$ cat work-v2.tsv   # TSV, C-alpha atoms
chain	number	residue	atom	x	y	z
A	1	MET	CA	25.22	18.12	-11.77
A	2	ASP	CA	27.21	14.94	-12.41
A	3	PRO	CA	25.68	11.92	-10.68
A	4	THR	CA	28.50	9.58	-11.68
A	5	TYR	CA	28.87	6.52	-9.50
A	6	ALA	CA	32.30	5.28	-8.52
A	7	GLU	CA	33.41	1.83	-9.66
A	8	GLU	CA	32.88	0.51	-6.14
A	9	ALA	CA	29.27	1.65	-6.21
A	10	GLU	CA	28.64	-0.11	-9.52
A	11	ASP	CA	30.22	-3.26	-8.07
A	12	TYR	CA	27.75	-2.99	-5.19
A	13	ARG	CA	24.91	-2.58	-7.72
A	14	GLU	CA	25.89	-5.89	-9.30
A	15	LYS	CA	25.92	-7.47	-5.83
A	16	ILE	CA	22.38	-6.22	-5.14
A	17	GLN	CA	21.17	-7.39	-8.55
A	18	ALA	CA	22.61	-10.83	-7.84
A	19	PHE	CA	20.89	-10.87	-4.43
A	20	LEU	CA	17.54	-10.04	-6.06
A	21	ALA	CA	18.03	-12.66	-8.75
A	22	GLU	CA	18.78	-15.28	-6.10
A	23	HIS	CA	15.94	-14.52	-3.72
A	24	LEU	CA	13.03	-13.42	-5.93
A	25	PRO	CA	10.90	-15.87	-7.94
A	26	ALA	CA	11.81	-16.16	-11.61
A	27	GLU	CA	8.39	-14.82	-12.62
A	28	TRP	CA	8.52	-11.91	-10.15
A	29	SER	CA	6.95	-8.69	-11.50
A	30	GLY	CA	6.60	-6.64	-8.32
A	31	MET	CA	4.48	-6.32	-5.19
A	32	GLY	CA	1.51	-5.35	-7.32
A	33	SER	CA	1.13	-8.97	-8.41
A	34	LEU	CA	0.29	-10.11	-4.85
A	35	ASP	CA	-2.99	-9.98	-2.98
A	36	GLU	CA	-3.19	-8.31	0.45
A	37	GLU	CA	-2.51	-11.43	2.51
A	38	ALA	CA	0.37	-12.56	0.31
A	39	CYS	CA	1.77	-9.04	0.33
A	40	ASP	CA	1.83	-8.89	4.15
A	41	GLN	CA	3.50	-12.29	4.37
A	42	PHE	CA	6.09	-11.34	1.73
A	43	VAL	CA	7.03	-8.10	3.52
A	44	GLU	CA	7.51	-9.90	6.85
A	45	GLU	CA	9.71	-12.59	5.32
A	46	TRP	CA	11.53	-10.10	3.10
A	47	ARG	CA	12.46	-7.87	6.03
A	48	SER	CA	13.89	-10.85	7.92
A	49	LEU	CA	15.94	-11.73	4.85
A	50	LEU	CA	17.25	-8.17	4.56
A	51	SER	CA	18.19	-8.15	8.23
A	52	GLU	CA	20.07	-11.45	7.91
A	53	ASN	CA	22.06	-10.05	4.97
A	54	GLN	CA	22.77	-6.61	6.50
A	55	LEU	CA	20.62	-4.88	3.90
A	56	LEU	CA	18.67	-2.74	6.37
A	57	ALA	CA	20.14	0.71	7.08
A	58	VAL	CA	23.24	-0.17	5.09
A	59	SER	CA	24.85	3.24	5.66
A	60	TRP	CA	24.60	3.05	9.47
A	61	PRO	CA	27.77	2.17	11.39
A	62	VAL	CA	28.34	-1.52	12.05
A	63	SER	CA	28.49	-0.84	15.81
A	64	TYR	CA	24.83	0.25	15.70
A	65	GLY	CA	23.57	-2.64	13.57
A	66	GLY	CA	24.16	-1.22	10.08
A	67	ALA	CA	26.51	-2.41	7.33
A	68	GLY	CA	28.90	0.53	7.54
A	69	LEU	CA	28.56	1.34	3.84
A	70	SER	CA	28.42	4.75	2.19
A	71	GLU	CA	25.36	6.88	1.41
A	72	VAL	CA	26.05	6.18	-2.27
A	73	GLU	CA	25.67	2.46	-1.73
A	74	ARG	CA	22.43	3.12	0.16
A	75	VAL	CA	21.14	5.04	-2.87
A	76	VAL	CA	22.19	2.22	-5.22
A	77	LEU	CA	20.30	-0.32	-3.09
A	78	ALA	CA	17.18	1.88	-3.05
A	79	GLU	CA	17.33	2.26	-6.84
A	80	GLU	CA	17.64	-1.46	-7.51
A	81	PHE	CA	14.90	-2.36	-5.04
A	82	ALA	CA	12.59	0.23	-6.64
A	83	LYS	CA	13.25	-1.20	-10.11
A	84	ALA	CA	12.49	-4.70	-8.84
A	85	GLY	CA	9.32	-3.56	-7.08
A	86	VAL	CA	10.38	-4.74	-3.60
A	87	PRO	CA	10.39	-2.71	-0.36
A	88	VAL	CA	13.47	-1.65	1.60
A	89	GLY	CA	11.63	-2.66	4.80
A	90	ASN	CA	8.14	-2.70	6.29
A	91	ASP	CA	5.76	0.27	6.67
A	92	ASN	CA	7.17	1.26	10.07
A	93	ASP	CA	10.75	1.25	8.72
A	94	LEU	CA	9.97	4.47	6.85
A	95	PHE	CA	9.77	6.09	10.29
A	96	SER	CA	12.17	3.77	12.15
A	97	ILE	CA	15.12	3.70	9.76
A	98	GLY	CA	14.40	6.50	7.31
A	99	MET	CA	13.49	9.15	9.89
A	100	VAL	CA	14.09	8.75	13.62
A	101	GLY	CA	17.10	6.46	13.23
A	102	ASN	CA	18.87	8.93	10.96
A	103	VAL	CA	18.00	11.79	13.32
A	104	ILE	CA	19.37	9.89	16.33
A	105	ILE	CA	22.61	9.35	14.39
A	106	GLU	CA	22.81	13.08	13.61
A	107	CYS	CA	21.58	14.57	16.90
A	108	GLY	CA	21.38	11.82	19.52
A	109	THR	CA	23.69	10.99	22.38
A	110	GLU	CA	26.00	8.01	22.25
A	111	GLU	CA	23.77	6.26	24.79
A	112	GLN	CA	20.70	6.84	22.58
A	113	LYS	CA	22.51	5.48	19.54
A	114	ARG	CA	23.63	2.32	21.28
A	115	HIS	CA	20.22	1.71	22.87
A	116	PHE	CA	17.78	2.54	20.07
A	117	LEU	CA	19.52	1.87	16.76
A	118	PRO	CA	20.16	-1.89	17.14
A	119	LYS	CA	16.57	-2.35	18.32
A	120	ILE	CA	15.36	-0.58	15.15
A	121	ILE	CA	17.41	-2.91	12.95
A	122	SER	CA	16.18	-6.03	14.78
A	123	GLY	CA	12.56	-4.89	14.52
A	124	GLU	CA	12.10	-4.93	18.29
A	125	HIS	CA	11.23	-1.22	18.08
A	126	ARG	CA	8.72	-0.17	15.42
A	127	TRP	CA	8.25	3.59	15.17
A	128	CYS	CA	5.60	6.08	14.12
A	129	GLN	CA	5.55	9.88	13.92
A	130	GLY	CA	3.79	12.24	16.34
A	131	TYR	CA	3.78	15.62	14.59
A	132	SER	CA	0.38	16.87	13.32
A	133	GLU	CA	-2.40	17.90	15.68
A	134	PRO	CA	-6.05	18.84	15.08
A	135	ASN	CA	-5.24	22.52	15.65
A	136	SER	CA	-1.75	22.57	14.16
A	137	GLY	CA	-1.58	20.77	10.86
A	138	SER	CA	-0.01	23.13	8.35
A	139	ASP	CA	1.14	25.41	11.18
A	140	LEU	CA	3.03	22.63	12.93
A	141	ALA	CA	4.97	25.03	15.20
A	142	ASN	CA	1.68	25.96	16.87
A	143	LEU	CA	1.41	22.46	18.40
A	144	GLY	CA	-0.07	22.22	21.86
A	145	THR	CA	0.85	18.76	23.16
A	146	ARG	CA	2.58	19.48	26.48
A	147	ALA	CA	5.47	17.70	28.17
A	148	VAL	CA	6.40	18.60	31.75
A	149	LEU	CA	9.48	17.26	33.50
A	150	ASP	CA	8.56	15.51	36.75
A	151	GLY	CA	11.68	14.16	38.44
A	152	ASP	CA	13.29	11.69	36.06
A	153	GLU	CA	10.33	11.49	33.66
A	154	TRP	CA	8.52	13.64	31.12
A	155	VAL	CA	4.74	13.62	31.58
A	156	ILE	CA	2.90	14.15	28.27
A	157	ASN	CA	-0.66	15.32	27.63
A	158	GLY	CA	-2.27	16.15	24.31
A	159	GLN	CA	-3.31	14.68	20.96
A	160	LYS	CA	-1.71	13.83	17.62
A	161	ILE	CA	-3.51	12.93	14.40
A	162	TRP	CA	-2.88	11.33	10.99
A	163	THR	CA	-0.34	9.00	12.59
A	164	SER	CA	0.60	6.59	9.82
A	165	SER	CA	1.26	2.96	10.86
A	166	GLY	CA	0.69	3.89	14.50
A	167	HIS	CA	-1.36	0.73	15.08
A	168	THR	CA	1.69	-1.42	14.29
A	169	ALA	CA	4.19	0.73	16.24
A	170	ASN	CA	5.44	0.35	19.80
A	171	TRP	CA	7.39	3.65	19.91
A	172	ILE	CA	6.52	7.15	18.73
A	173	PHE	CA	8.70	10.24	18.33
A	174	VAL	CA	6.68	13.21	19.54
A	175	LEU	CA	7.04	16.97	19.19
A	176	CYS	CA	5.97	18.47	22.52
A	177	ARG	CA	5.62	21.97	23.95
A	178	THR	CA	8.11	22.06	26.84
A	179	ASP	CA	8.24	25.85	27.37
A	180	PRO	CA	4.98	27.67	26.53
A	181	THR	CA	6.49	31.05	27.46
A	182	GLU	CA	8.85	30.92	24.47
A	183	ALA	CA	7.94	31.87	20.88
A	184	LYS	CA	6.10	29.07	19.11
A	185	HIS	CA	9.09	27.83	17.07
A	186	ARG	CA	11.05	27.63	20.31
A	187	GLY	CA	10.04	25.83	23.46
A	188	ILE	CA	9.49	22.58	21.51
A	189	SER	CA	11.32	19.33	22.31
A	190	PHE	CA	11.70	16.06	20.38
A	191	LEU	CA	10.79	13.16	22.69
A	192	LEU	CA	11.01	9.39	22.23
A	193	VAL	CA	7.96	7.79	23.84
A	194	PRO	CA	6.93	4.13	24.30
A	195	VAL	CA	3.44	3.43	22.94
A	196	ASP	CA	2.72	0.37	25.06
A	197	GLN	CA	1.73	2.14	28.27
A	198	PRO	CA	-1.59	3.12	29.92
A	199	GLY	CA	-1.20	6.82	29.06
A	200	VAL	CA	-1.18	6.31	25.27
A	201	GLU	CA	-4.34	5.50	23.31
A	202	MET	CA	-4.23	4.77	19.58
A	203	ARG	CA	-7.58	5.17	17.76
A	204	PRO	CA	-7.98	4.08	14.12
A	205	ILE	CA	-8.97	6.41	11.29
A	206	ILE	CA	-10.57	4.55	8.35
A	207	ASN	CA	-10.04	6.47	5.12
A	208	ILE	CA	-12.17	6.84	2.00
A	209	ASN	CA	-10.68	3.62	0.58
A	210	ASN	CA	-11.84	1.73	3.71
A	211	ARG	CA	-8.22	1.29	4.77
A	212	HIS	CA	-6.70	1.65	8.21
A	213	ASP	CA	-3.50	3.53	7.43
A	214	PHE	CA	-3.84	6.43	9.90
A	215	ASN	CA	-4.62	6.93	13.57
A	216	GLU	CA	-5.33	9.45	16.30
A	217	VAL	CA	-3.05	9.30	19.34
A	218	PHE	CA	-4.14	10.57	22.76
A	219	PHE	CA	-1.66	11.19	25.58
A	220	ALA	CA	-3.03	11.29	29.14
A	221	ASP	CA	-0.16	11.53	31.60
A	222	ALA	CA	1.97	9.36	29.33
A	223	LYS	CA	5.55	9.06	30.50
A	224	THR	CA	9.00	8.73	29.04
A	225	ALA	CA	12.46	8.88	30.60
A	226	LYS	CA	14.15	12.23	31.11
A	227	GLU	CA	17.02	11.23	28.83
A	228	ASN	CA	14.69	10.43	25.88
A	229	VAL	CA	15.09	13.89	24.34
A	230	VAL	CA	16.88	14.01	20.98
A	231	GLY	CA	18.96	17.17	20.79
A	232	ASP	CA	18.63	19.72	23.54
A	233	VAL	CA	15.46	20.50	25.50
A	234	ASN	CA	13.55	23.27	23.64
A	235	ASP	CA	15.61	22.59	20.48
A	236	GLY	CA	13.03	20.27	18.93
A	237	TRP	CA	12.13	22.52	16.01
A	238	ARG	CA	15.64	22.20	14.56
A	239	VAL	CA	15.58	18.43	15.04
A	240	ALA	CA	12.08	18.20	13.54
A	241	ASN	CA	13.12	20.06	10.40
A	242	MET	CA	16.16	17.84	9.98
A	243	LEU	CA	13.86	14.84	10.12
A	244	LEU	CA	11.52	16.37	7.53
A	245	GLY	CA	14.53	16.72	5.25
A	246	PHE	CA	15.08	12.94	5.48
A	247	GLU	CA	11.34	12.32	4.96
A	248	ARG	CA	11.01	14.51	1.88
A	249	GLY	CA	14.45	14.06	0.40
A	250	ASP	CA	15.01	10.31	0.60
A	251	GLY	CA	12.44	9.38	-2.03
A	252	ALA	CA	13.80	11.82	-4.59
A	253	THR	CA	16.14	9.11	-5.87
A	254	THR	CA	13.43	6.48	-6.43
A	255	ASP	CA	10.08	8.26	-6.80
A	256	ALA	CA	10.62	8.88	-10.51
A	257	LEU	CA	10.91	5.12	-11.03
A	258	ARG	CA	7.52	4.53	-9.39
A	259	PHE	CA	5.82	7.34	-11.24
A	260	ARG	CA	7.34	6.17	-14.54
A	261	ASP	CA	5.97	2.67	-13.96
A	262	GLU	CA	2.53	4.13	-13.21
A	263	LEU	CA	2.61	6.38	-16.27
A	264	ASN	CA	3.57	3.45	-18.48
A	265	ARG	CA	0.49	1.58	-17.24
A	266	ILE	CA	-1.74	4.60	-17.83
A	267	THR	CA	-0.33	5.08	-21.32
A	268	ALA	CA	-0.83	1.41	-22.19
A	269	VAL	CA	-4.52	1.59	-21.24
A	270	ALA	CA	-4.94	4.86	-23.18
A	271	VAL	CA	-3.46	3.23	-26.30
A	272	GLU	CA	-5.52	0.05	-25.86
A	273	ARG	CA	-8.75	2.05	-25.59
A	274	GLY	CA	-7.97	4.28	-28.54
A	275	ALA	CA	-7.84	7.40	-26.38
A	276	THR	CA	-4.53	8.49	-27.93
A	277	ASP	CA	-6.38	9.31	-31.15
A	278	ASP	CA	-7.39	12.48	-29.29
A	279	PRO	CA	-4.64	15.14	-29.58
A	280	LEU	CA	-5.56	16.53	-26.14
A	281	VAL	CA	-4.95	13.13	-24.56
A	282	ARG	CA	-1.59	12.90	-26.32
A	283	GLN	CA	-0.79	16.39	-25.05
A	284	ASP	CA	-1.59	15.40	-21.47
A	285	LEU	CA	0.52	12.24	-21.74
A	286	ALA	CA	3.40	14.33	-23.07
A	287	ARG	CA	2.96	16.70	-20.14
A	288	ALA	CA	3.03	13.75	-17.71
A	289	HIS	CA	6.18	12.42	-19.40
A	290	ALA	CA	7.87	15.80	-18.95
A	291	LYS	CA	6.89	15.95	-15.26
A	292	VAL	CA	8.29	12.48	-14.56
A	293	GLU	CA	11.50	13.35	-16.40
A	294	ILE	CA	11.82	16.46	-14.24
A	295	MET	CA	11.41	14.25	-11.15
A	296	LYS	CA	14.17	12.01	-12.45
A	297	TRP	CA	16.57	14.91	-12.92
A	298	MET	CA	15.68	16.36	-9.54
A	299	GLY	CA	16.49	12.94	-8.10
A	300	GLN	CA	19.79	12.97	-9.96
A	301	ARG	CA	20.59	16.32	-8.39
A	302	ASN	CA	19.80	14.81	-4.98
A	303	ILE	CA	22.21	11.96	-5.71
A	304	THR	CA	24.86	14.51	-6.65
A	305	ASN	CA	24.38	16.15	-3.24
A	306	VAL	CA	24.70	12.75	-1.56
A	307	LEU	CA	27.92	12.10	-3.46
A	308	ALA	CA	29.18	15.47	-2.19
A	309	GLY	CA	28.35	14.50	1.42
A	310	LYS	CA	25.51	16.99	1.83
A	311	ALA	CA	22.56	16.30	4.16
A	312	PRO	CA	18.97	16.84	2.89
A	313	GLY	CA	17.97	20.50	3.05
A	314	PRO	CA	15.00	22.75	2.27
A	315	GLU	CA	15.36	21.94	-1.45
A	316	SER	CA	13.53	18.70	-0.67
A	317	SER	CA	10.34	20.80	-0.58
A	318	LEU	CA	10.66	21.25	-4.35
A	319	HIS	CA	10.39	17.51	-4.84
A	320	LYS	CA	7.47	17.11	-2.45
A	321	LEU	CA	5.56	19.93	-4.16
A	322	LEU	CA	6.21	18.53	-7.63
A	323	TRP	CA	5.20	14.91	-7.06
A	324	SER	CA	2.11	15.64	-4.95
A	325	GLU	CA	0.69	18.21	-7.38
A	326	TYR	CA	1.53	15.95	-10.33
A	327	HIS	CA	-0.11	12.89	-8.80
A	328	HIS	CA	-3.25	14.86	-7.99
A	329	TRP	CA	-3.48	15.77	-11.67
A	330	ILE	CA	-2.43	12.49	-13.36
A	331	THR	CA	-4.85	10.35	-11.33
A	332	GLU	CA	-7.66	12.73	-12.27
A	333	PHE	CA	-6.59	12.29	-15.90
A	334	SER	CA	-6.79	8.51	-15.43
A	335	MET	CA	-10.42	8.83	-14.30
A	336	GLY	CA	-11.15	10.42	-17.68
A	337	LEU	CA	-9.79	7.30	-19.35
A	338	LEU	CA	-12.08	5.13	-17.22
A	339	GLY	CA	-15.14	7.25	-17.89
A	340	MET	CA	-18.34	5.78	-16.44
A	341	GLU	CA	-16.39	2.70	-15.36
A	342	ALA	CA	-15.01	4.81	-12.54
A	343	THR	CA	-18.47	5.12	-10.99
A	344	ALA	CA	-18.71	1.34	-10.43
A	345	PRO	CA	-15.11	0.14	-10.20
A	346	SER	CA	-14.26	-3.55	-10.00
A	347	GLY	CA	-11.28	-5.87	-9.84
A	348	HIS	CA	-8.45	-6.16	-7.34
A	349	PRO	CA	-7.79	-3.29	-4.90
A	350	ALA	CA	-4.67	-1.14	-4.87
A	351	VAL	CA	-1.77	-2.60	-2.88
A	352	ASN	CA	-0.65	0.80	-1.63
A	353	GLY	CA	-3.01	3.08	0.26
A	354	ILE	CA	-1.39	6.33	-0.88
A	355	GLU	CA	0.88	7.51	-3.70
A	356	THR	CA	1.29	5.12	-6.66
A	357	ASP	CA	0.07	1.55	-6.73
A	358	ALA	CA	2.77	-1.08	-6.38
A	359	VAL	CA	5.10	-1.96	-9.26
A	360	GLY	CA	3.69	-4.87	-11.25
A	361	ALA	CA	0.04	-4.06	-10.58
A	362	GLU	CA	-2.22	-5.14	-13.44
A	363	PHE	CA	-5.04	-2.92	-14.66
A	364	SER	CA	-8.06	-2.76	-12.40
A	365	SER	CA	-10.63	0.03	-12.37
A	366	LEU	CA	-10.91	-0.41	-8.58
A	367	SER	CA	-7.17	0.02	-8.00
A	368	TRP	CA	-7.15	3.09	-10.28
A	369	VAL	CA	-10.05	4.69	-8.41
A	370	GLN	CA	-8.45	3.91	-5.05
A	371	THR	CA	-5.15	5.40	-6.24
A	372	PHE	CA	-7.06	8.48	-7.41
A	373	MET	CA	-8.67	8.90	-4.00
A	374	GLY	CA	-5.39	8.16	-2.21
A	375	ALA	CA	-3.68	10.92	-4.19
A	376	ARG	CA	-6.13	13.56	-2.93
A	377	PRO	CA	-4.39	14.15	0.43
A	378	GLY	CA	-0.94	14.07	-1.16
A	379	THR	CA	-0.85	17.86	-1.30
A	380	ILE	CA	-1.68	18.01	2.43
A	381	TYR	CA	0.29	15.38	4.36
A	382	SER	CA	4.03	15.87	4.98
A	383	GLY	CA	3.46	19.60	4.64
A	384	THR	CA	0.81	21.23	2.46
A	385	SER	CA	1.63	22.69	-0.95
A	386	GLU	CA	1.16	26.15	0.53
A	387	VAL	CA	3.74	25.41	3.24
A	388	GLN	CA	6.15	23.95	0.67
A	389	ARG	CA	5.90	27.10	-1.44
A	390	ASN	CA	6.62	29.24	1.62
A	391	ILE	CA	9.68	27.12	2.45
A	392	ILE	CA	10.92	27.33	-1.14
A	393	GLY	CA	10.40	31.08	-1.30
A	394	ASP	CA	11.98	31.77	2.08
A	395	ARG	CA	14.74	29.19	2.50
A	396	VAL	CA	15.60	28.26	-1.10
A	397	LEU	CA	15.02	31.46	-3.10
A	398	GLY	CA	15.71	33.89	-0.26
A	399	LEU	CA	12.53	35.90	-0.81
A	400	PRO	CA	11.24	38.19	1.98
A	401	ARG	CA	9.29	36.38	4.67
A	402	GLU	CA	5.57	36.91	5.01
A	403	PRO	CA	4.58	39.21	7.90
A	404	ARG	CA	3.69	37.25	11.03
A	405	ALA	CA	0.90	38.14	13.43
A	406	ASP	CA	1.64	35.39	15.94
A	407	GLY	CA	5.03	36.37	17.36
A	408	GLY	CA	5.85	36.53	21.04
A	409	PRO	CA	5.29	33.82	23.67
A	410	TRP	CA	3.25	30.85	22.49
A	411	ASP	CA	0.93	31.00	25.50
A	412	GLN	CA	-0.02	34.57	24.58
A	413	ILE	CA	-0.93	33.92	20.94
A	414	GLY	CA	-4.52	34.98	20.23
A	415	LYS	CA	-4.97	36.66	23.62
A	416	ASN	CA	-4.36	40.23	22.44
$ encode --input "work-v2.tsv" --output "structure tokens"
Amino acid sequence: MDPTYAEEAEDYREKIQAFLAEHLPAEWSGMGSLDEEACDQFVEEWRSLLSENQLLAVSWPVSYGGAGLSEVERVVLAEEFAKAGVPVGNDNDLFSIGMVGNVIIECGTEEQKRHFLPKIISGEHRWCQGYSEPNSGSDLANLGTRAVLDGDEWVINGQKIWTSSGHTANWIFVLCRTDPTEAKHRGISFLLVPVDQPGVEMRPIININNRHDFNEVFFADAKTAKENVVGDVNDGWRVANMLLGFERGDGATTDALRFRDELNRITAVAVERGATDDPLVRQDLARAHAKVEIMKWMGQRNITNVLAGKAPGPESSLHKLLWSEYHHWITEFSMGLLGMEATAPSGHPAVNGIETDAVGAEFSSLSWVQTFMGARPGTIYSGTSEVQRNIIGDRVLGLPREPRADGGPWDQIGKN
């Protein structure tokens, strides 16, 4: 592992640092210093600024709206933005640019690239993800949402759940069952579907922090054009797994920065309250330090793969497993520091609904409790810890696969 940046990449880093110095306030400490209204306004204005300066999807070809830069320069930008505590786009851009856009570049037709990618950059299309279903969460390949080709259109019926940022999206990429007579990992297609139509209903899910981050999506004869399939018909499982590689692998280069910032805040409060006089507390803080360092080195390995021109693979499951299990534990540790204060929290709320609070967030018992509760589902969404361990064992370590009792055609599963 040798994540050494070329001179050109370091020159680009200086360019990004200069951009941040020019456009951020002198007293800027991160998104955590803003209240909810100011945060929303900042993100909207910031995204427009990034678009004007070709700092959205910098590694995409210029002909599709990108800046035509290398993956290394994209990583450099992500690192510097993470250090400054500013986003690389809005909430939907995680799905628009980070996921479906990259998949269209890898698997889409030339017509799809020219139609969808510029609209993603401009913000005309805002995307969300239609994967999980009430009866196929961890076992995603058992999904039952159906798509039937009727002339020049796919007709879609079914339900998706836990759809992040769906209420601010106008397009959704959907995994659909297009051939129920095939085995469950086959017969699935990856469809691009407009949300703003009578056949799509988005219902809010309010979480334990009283936030509207997720949604249910119901399809009742929803329609999309025949050509809005990414990859081949019935080849959606391959496309879906490629997308999950982008979802799980992209943050490996910056997550350690966020978790280090959070740990520094936790440590500061522990020292201020005299908790570090306890050797067990010091032991736990040392354990947390080691975990974050491991994340950093795993991120460095990911950068090395990027430098070598490798696409994200199943190794990204290692990172997802590590950070989600760690955050479950460290936020529980932070509740011990709060003690009884955690039962009646006060102060400003957390800026982020899940994962760490935003960089620059000052101490607040309310934000700590909300971060604790937001970390609970971290071992479930984007693939449960159990699923990640199976992927690691099977596809990374090459261990024997677990016996399956649900082989054969999908429409015959459970009927014998």
$ residues_near_point --input "work-v2.tsv" --point "(6.7, 15.2, 34.5)" --cutoff "12 Å" --atoms "all atoms listed in the file" --output "list in words"
Arg146, Ala147, Val148, Leu149, Asp150, Gly151, Asp152, Glu153, Trp154, Val155, Ile156, Asn157, Thr178, Ala220, Asp221, Ala222, Lys223, Thr224, Ala225 and Lys226 of chain A
$ closest_residue --input "work-v2.tsv" --among "A:Asp91, A:Glu79, A:Glu332, A:Asp40" --to "Lys296 (chain A)" --atoms "all atoms listed in the file"
A:Glu79
$ atom_distance --input "work-v2.tsv" --atom1 "CA of Glu402 (chain A)" --atom2 "CA of Ser138 (chain A)"
15.2 Å
$ residues_near_point --input "work-v2.tsv" --point "(-6.6, 19.0, 17.7)" --cutoff "9 Å" --atoms "all atoms listed in the file" --output "JSON, numbers by chain"
{"A": [132, 133, 134, 135, 136, 137, 143, 144, 158, 159, 160, 161]}
$ closest_residue --input "work-v2.tsv" --among "A:Gly130, A:Gly360, A:Gly68, A:Gly98" --to "Val86 (chain A)" --atoms "only C-alpha atoms"
A:Gly360
$ closest_residue --input "work-v2.tsv" --among "A:Asn264, A:Thr253, A:Gln388, A:Ser122" --to "Lys320 (chain A)" --atoms "all atoms listed in the file"
A:Gln388
$ closest_residue --input "work-v2.tsv" --among "A:Cys128, A:Ala141, A:Leu34, A:Leu321" --to "Ser165 (chain A)" --atoms "only C-alpha atoms"
A:Cys128
$ atom_distance --input "work-v2.tsv" --atom1 "CA of Glu111 (chain A)" --atom2 "CA of Gly123 (chain A)"
18.9 Å
$ atom_distance --input "work-v2.tsv" --atom1 "CA of Gly309 (chain A)" --atom2 "CA of Gly89 (chain A)"
24.2 Å
$ closest_atom_pairs --input "work-v2.tsv" --of "region 300-326 of chain A" --to "region 4-14 of chain A" --cutoff "10 Å" --atoms "all atoms listed in the file" --output "Markdown table"
| residue | atom | partner | partner_atom | distance |
| --- | --- | --- | --- | --- |
| A:Gln300 | CA | A:Thr4 | CA | 9.5 |
| A:Ile303 | CA | A:Thr4 | CA | 9.0 |
| A:Thr304 | CA | A:Thr4 | CA | 7.9 |
| A:Leu307 | CA | A:Tyr5 | CA | 8.3 |
$ residues_around --input "work-v2.tsv" --residues "region 377-385 of chain A" --least-positions-apart "3" --cutoff "8 Å" --atoms "all atoms listed in the file" --output "ChimeraX atom specification"
/A:138,244,248,321,324-325,327-328,354-355,374,388-389
$ write_last_selection --input "work-v2.tsv" --atoms "C-alpha atoms" --output "mmCIF file, in the frame of the given file"
data_model
loop_
_atom_site.group_PDB
_atom_site.id
_atom_site.type_symbol
_atom_site.label_atom_id
_atom_site.label_comp_id
_atom_site.auth_asym_id
_atom_site.auth_seq_id
_atom_site.Cartn_x
_atom_site.Cartn_y
_atom_site.Cartn_z
ATOM 1 C CA SER A 138 -0.010 23.130 8.350
ATOM 2 C CA LEU A 244 11.520 16.370 7.530
ATOM 3 C CA ARG A 248 11.010 14.510 1.880
ATOM 4 C CA LEU A 321 5.560 19.930 -4.160
ATOM 5 C CA SER A 324 2.110 15.640 -4.950
ATOM 6 C CA GLU A 325 0.690 18.210 -7.380
ATOM 7 C CA HIS A 327 -0.110 12.890 -8.800
ATOM 8 C CA HIS A 328 -3.250 14.860 -7.990
ATOM 9 C CA ILE A 354 -1.390 6.330 -0.880
ATOM 10 C CA GLU A 355 0.880 7.510 -3.700
ATOM 11 C CA GLY A 374 -5.390 8.160 -2.210
ATOM 12 C CA GLN A 388 6.150 23.950 0.670
ATOM 13 C CA ARG A 389 5.900 27.100 -1.440
#
$ decode --input "work-v2.tsv" --residues "region 28-38 of chain A" --atoms "N, CA and C atoms" --output "PDB file, in the first residue's frame"
ATOM      1  N   TRP A  28     -15.281  30.267   9.659  1.00  0.00           N
ATOM      2  CA  TRP A  28     -15.956  28.994   9.379  1.00  0.00           C
ATOM      3  C   TRP A  28     -15.351  27.850  10.184  1.00  0.00           C
ATOM      4  N   SER A  29     -16.227  27.046  10.838  1.00  0.00           N
ATOM      5  CA  SER A  29     -15.753  25.885  11.594  1.00  0.00           C
ATOM      6  C   SER A  29     -16.430  24.596  11.154  1.00  0.00           C
ATOM      7  N   GLY A  30     -17.363  24.689  10.205  1.00  0.00           N
ATOM      8  CA  GLY A  30     -18.041  23.486   9.724  1.00  0.00           C
ATOM      9  C   GLY A  30     -19.541  23.645   9.769  1.00  0.00           C
ATOM     10  N   MET A  31     -20.242  22.699   9.123  1.00  0.00           N
ATOM     11  CA  MET A  31     -21.701  22.747   9.065  1.00  0.00           C
ATOM     12  C   MET A  31     -22.336  22.647  10.450  1.00  0.00           C
ATOM     13  N   GLY A  32     -21.617  22.059  11.387  1.00  0.00           N
ATOM     14  CA  GLY A  32     -22.163  21.899  12.729  1.00  0.00           C
ATOM     15  C   GLY A  32     -22.400  23.202  13.450  1.00  0.00           C
ATOM     16  N   SER A  33     -21.845  24.301  12.942  1.00  0.00           N
ATOM     17  CA  SER A  33     -22.036  25.606  13.584  1.00  0.00           C
ATOM     18  C   SER A  33     -23.316  26.300  13.138  1.00  0.00           C
ATOM     19  N   LEU A  34     -24.059  25.690  12.189  1.00  0.00           N
ATOM     20  CA  LEU A  34     -25.262  26.314  11.641  1.00  0.00           C
ATOM     21  C   LEU A  34     -26.513  25.666  12.206  1.00  0.00           C
ATOM     22  N   ASP A  35     -27.594  26.457  12.323  1.00  0.00           N
ATOM     23  CA  ASP A  35     -28.865  25.860  12.696  1.00  0.00           C
ATOM     24  C   ASP A  35     -29.503  25.249  11.444  1.00  0.00           C
ATOM     25  N   GLU A  36     -30.655  24.588  11.611  1.00  0.00           N
ATOM     26  CA  GLU A  36     -31.254  23.820  10.519  1.00  0.00           C
ATOM     27  C   GLU A  36     -31.579  24.691   9.321  1.00  0.00           C
ATOM     28  N   GLU A  37     -32.189  25.847   9.557  1.00  0.00           N
ATOM     29  CA  GLU A  37     -32.574  26.726   8.448  1.00  0.00           C
ATOM     30  C   GLU A  37     -31.348  27.248   7.718  1.00  0.00           C
ATOM     31  N   ALA A  38     -30.337  27.675   8.485  1.00  0.00           N
ATOM     32  CA  ALA A  38     -29.119  28.193   7.875  1.00  0.00           C
ATOM     33  C   ALA A  38     -28.371  27.093   7.138  1.00  0.00           C
TER      34      ALA A  38
END
